[in-house]
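Peer 1: Okay, here's the structure, questions in a sec.
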Amino acid sequence: MTTMTEINLTTQVYQVFIKATPERIWEAITNPEFTTKYFYGARIEVTPEWRRTYAPDGGDSWGEGAVTEFEPPRRLVHEWRSGYNPELSAEEPSRVTWEIEPQDGGLSLLTVVHDRLEGAPKTAASVAGPGWMMVLSGLKTLLETGEPLTG
Amino acid sequence: MNDDDRVFRALADPTRRLLLDRLFERDGRTLTELESELEMTRFGVMKHLRLLEEAGLVATRKQGREKLHFLNPVPIRLIHDRWIDKYTERRVSALADLKTELEDAG
């Protein structure tokens, strides 16, 4: 494997098919009761203006990012700061785009694009691979089975 | 063919694994860039990329006039969650049972 510094992570794209309507997926990404079950325990509140994250177990605010596009249930774009880690949150903010497209057979395709990471290399490495994968596989499991992913 | 079949079939080919490795090293590449690193016709590379896309292992995005290819690792994670976790959990619990049994006997 090559070293991390050689890997270009400034734009990252993740996709997953979920057997759920766009409305249910939208609810799961914007309602804190859902996010605690798949987003590393974090409570995440989303309004048309901002997206605010709280640490698990009713903990402190991890800060907020401006919401720049809010089109339920299809498209959400917001600023990302890694408030869970002081070193990472000192980096420049990046951008996350959620796209939800209905497909045949009761499926929806969820695409997460995390980009504008040029000024946040540590954040880029932190969210890459397992970071977003855990969130998306957890979200899929939660919506399809009603149970959070364990382990 | 279900989703897992598509992923396993896509991964069964060395050229397609090589394409994924190339994208792992540097993500968001055009067909022309990928083609230049492989001893294969443009058509051949396109065919492999299409199979990877159908399996969900490669996601494409338009950027200006270019189509960029990104490695999407989520299907591999899902296979991991569904298969690997299941067996490692059982092994761990088998060891835990063995420990209990040995300690109770002793």
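By convention here, the chains of the structure tokens are called A, B, ... in the order presented, each chain's residues are numbered starting at 1, and ligands are numbered starting at 1 in the order presented.
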Fewer than 6 positions away in the same chain doesn't count, so skip those; otherwise give me all residues within 12 Å of A:Thr36, counting only C-alpha atoms, as a VMD selection string.
Peer 2: chain A and resid 28 to 30 42 to 45 53 to 59 135 138 to 139 142 148 to 149
Peer 1: Could you pull the residues within 12 Å of stretch 62-65 of chain B, counting only C-alpha atoms, minus those fewer than 6 positions along the same chain, as a list in words?
Peer 2: Thr11 of chain A; Gly28, Arg29 and Thr30 of chain B
Peer 1: Could you turn the residues from that selection into a file that holds N, CA and C atoms, as an mmCIF file, in the first residue's frame?
Peer 2:
```cif
data_model
loop_
_atom_site.group_PDB
_atom_site.id
_atom_site.type_symbol
_atom_site.label_atom_id
_atom_site.label_comp_id
_atom_site.auth_asym_id
_atom_site.auth_seq_id
_atom_site.Cartn_x
_atom_site.Cartn_y
_atom_site.Cartn_z
ATOM 1 N N THR A 11 -11.500 14.920 -2.948
ATOM 2 C CA THR A 11 -12.909 14.663 -3.249
ATOM 3 C C THR A 11 -13.152 13.189 -2.993
ATOM 4 N N GLY B 28 -10.788 9.795 -8.420
ATOM 5 C CA GLY B 28 -11.340 10.818 -9.293
ATOM 6 C C GLY B 28 -10.587 10.964 -10.602
ATOM 7 N N ARG B 29 -10.506 9.858 -11.379
ATOM 8 C CA ARG B 29 -9.725 9.903 -12.609
ATOM 9 C C ARG B 29 -10.595 9.710 -13.843
ATOM 10 N N THR B 30 -10.095 10.221 -14.967
ATOM 11 C CA THR B 30 -10.806 10.043 -16.233
ATOM 12 C C THR B 30 -10.443 8.699 -16.844
#
```
Peer 1: Near chain A, meaning an atom within 6 Å, which residues of chain B appear when counting only C-alpha atoms? Write them as an MDAnalysis selection string.
Peer 2: chainID B and resid 25:26 72 74
Peer 1: Of the residues A:Lys37, A:Arg81, A:Arg74, A:Arg52, which is the one nearest to A:Thr21, using only C-alpha atoms?
Peer 2: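 Counting only C-alpha atoms, the residue closest to A:Thr21 is A:Arg74.
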Peer 1: Would you kindly return, as JSON, numbers by chain, each protein, DNA or RNA residue with an atom no farther than 8 Å from any atom of A:Pro73, considering only C-alpha atoms and excluding same-chain residues fewer than 3 positions away?
Peer 2: {"A": [22, 23, 25, 26, 100]}
Peer 1: Residues as selected, N, CA and C atoms, written as a PDB file, in the first residue's frame, can you do that?
Peer 2:
```
ATOM      1  N   PRO A  22     -37.017   7.981  -0.537  1.00  0.00           N
ATOM      2  CA  PRO A  22     -36.200   9.170  -0.287  1.00  0.00           C
ATOM      3  C   PRO A  22     -36.634   9.913   0.982  1.00  0.00           C
ATOM      4  N   GLU A  23     -37.936   9.932   1.252  1.00  0.00           N
ATOM      5  CA  GLU A  23     -38.434  10.635   2.444  1.00  0.00           C
ATOM      6  C   GLU A  23     -37.879  10.021   3.721  1.00  0.00           C
ATOM      7  N   ILE A  25     -35.090   8.290   4.036  1.00  0.00           N
ATOM      8  CA  ILE A  25     -33.641   8.540   4.103  1.00  0.00           C
ATOM      9  C   ILE A  25     -33.395   9.980   4.546  1.00  0.00           C
ATOM     10  N   TRP A  26     -34.175  10.891   4.006  1.00  0.00           N
ATOM     11  CA  TRP A  26     -34.045  12.307   4.391  1.00  0.00           C
ATOM     12  C   TRP A  26     -34.261  12.459   5.903  1.00  0.00           C
ATOM     13  N   ILE A 100     -30.144  12.056  -2.935  1.00  0.00           N
ATOM     14  CA  ILE A 100     -31.003  10.883  -2.798  1.00  0.00           C
ATOM     15  C   ILE A 100     -31.831  10.751  -4.074  1.00  0.00           C
TER      16      ILE A 100
END
```
Peer 1: As a PyMOL selection string, please: every residue in chain A that a backbone DSSP assignment puts in strand (DSSP E).
Peer 2: chain A and resi 12-18+43-46+50-54+61-71+75-80+94-102+108-115
Peer 1: Output C-alpha atoms for every residue in that selection, as a PDB file, in the first residue's frame.
Peer 2:
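Everything below was put into again-v3.pdb:
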```pdb
ATOM      1  CA  GLN A  12     -14.469  11.501  -1.887  1.00  0.00           C
ATOM      2  CA  VAL A  13     -17.568   9.801  -3.269  1.00  0.00           C
ATOM      3  CA  TYR A  14     -19.613   7.172  -1.471  1.00  0.00           C
ATOM      4  CA  GLN A  15     -22.746   5.455  -2.785  1.00  0.00           C
ATOM      5  CA  VAL A  16     -25.160   2.966  -1.345  1.00  0.00           C
ATOM      6  CA  PHE A  17     -28.507   1.511  -2.446  1.00  0.00           C
ATOM      7  CA  ILE A  18     -31.034   1.497   0.370  1.00  0.00           C
ATOM      8  CA  ARG A  43     -27.012  13.888  17.644  1.00  0.00           C
ATOM      9  CA  ILE A  44     -27.284  15.886  14.433  1.00  0.00           C
ATOM     10  CA  GLU A  45     -29.867  18.605  13.914  1.00  0.00           C
ATOM     11  CA  VAL A  46     -30.447  20.024  10.452  1.00  0.00           C
ATOM     12  CA  TRP A  50     -27.449  25.085   9.612  1.00  0.00           C
ATOM     13  CA  ARG A  51     -26.427  21.555  10.620  1.00  0.00           C
ATOM     14  CA  ARG A  52     -25.400  21.209  14.253  1.00  0.00           C
ATOM     15  CA  THR A  53     -23.711  18.184  15.840  1.00  0.00           C
ATOM     16  CA  TYR A  54     -23.717  17.184  19.513  1.00  0.00           C
ATOM     17  CA  SER A  61     -21.952  20.784  20.807  1.00  0.00           C
ATOM     18  CA  TRP A  62     -19.355  19.836  18.218  1.00  0.00           C
ATOM     19  CA  GLY A  63     -20.197  22.991  16.330  1.00  0.00           C
ATOM     20  CA  GLU A  64     -22.266  23.752  13.308  1.00  0.00           C
ATOM     21  CA  GLY A  65     -21.870  24.126   9.581  1.00  0.00           C
ATOM     22  CA  ALA A  66     -23.867  26.338   7.231  1.00  0.00           C
ATOM     23  CA  VAL A  67     -26.469  24.560   5.096  1.00  0.00           C
ATOM     24  CA  THR A  68     -26.173  25.880   1.534  1.00  0.00           C
ATOM     25  CA  GLU A  69     -28.768  23.702  -0.200  1.00  0.00           C
ATOM     26  CA  PHE A  70     -31.830  22.228   1.487  1.00  0.00           C
ATOM     27  CA  GLU A  71     -34.189  20.420  -0.880  1.00  0.00           C
ATOM     28  CA  ARG A  75     -30.519  17.127  -1.817  1.00  0.00           C
ATOM     29  CA  LEU A  76     -28.663  18.529   1.189  1.00  0.00           C
ATOM     30  CA  VAL A  77     -25.390  20.446   1.037  1.00  0.00           C
ATOM     31  CA  HIS A  78     -23.584  21.663   4.124  1.00  0.00           C
ATOM     32  CA  GLU A  79     -20.260  22.813   5.455  1.00  0.00           C
ATOM     33  CA  TRP A  80     -18.201  20.240   7.364  1.00  0.00           C
ATOM     34  CA  SER A  94     -14.942  21.338   3.723  1.00  0.00           C
ATOM     35  CA  ARG A  95     -18.263  20.481   2.051  1.00  0.00           C
ATOM     36  CA  VAL A  96     -20.618  17.503   2.163  1.00  0.00           C
ATOM     37  CA  THR A  97     -23.341  16.870  -0.435  1.00  0.00           C
ATOM     38  CA  TRP A  98     -26.081  14.273   0.130  1.00  0.00           C
ATOM     39  CA  GLU A  99     -28.037  13.232  -2.973  1.00  0.00           C
ATOM     40  CA  ILE A 100     -31.003  10.883  -2.798  1.00  0.00           C
ATOM     41  CA  GLU A 101     -32.352   9.438  -6.049  1.00  0.00           C
ATOM     42  CA  PRO A 102     -35.337   7.076  -6.194  1.00  0.00           C
ATOM     43  CA  SER A 108     -33.071   4.713  -3.403  1.00  0.00           C
ATOM     44  CA  LEU A 109     -29.493   5.541  -4.297  1.00  0.00           C
ATOM     45  CA  LEU A 110     -27.774   7.648  -1.664  1.00  0.00           C
ATOM     46  CA  THR A 111     -24.626   9.458  -2.797  1.00  0.00           C
ATOM     47  CA  VAL A 112     -22.396  11.309  -0.353  1.00  0.00           C
ATOM     48  CA  VAL A 113     -19.736  13.570  -1.838  1.00  0.00           C
ATOM     49  CA  HIS A 114     -17.229  15.019   0.605  1.00  0.00           C
ATOM     50  CA  ASP A 115     -15.152  17.596  -1.251  1.00  0.00           C
TER      51      ASP A 115
END
```
Peer 1: Go through B:Thr88, B:Leu78, B:Leu57, B:Glu39 and flag the residue nearest B:Val7, using only C-alpha atoms for the distances.
Peer 2: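 With only C-alpha atoms as the atom set, the closest residue is B:Leu57.
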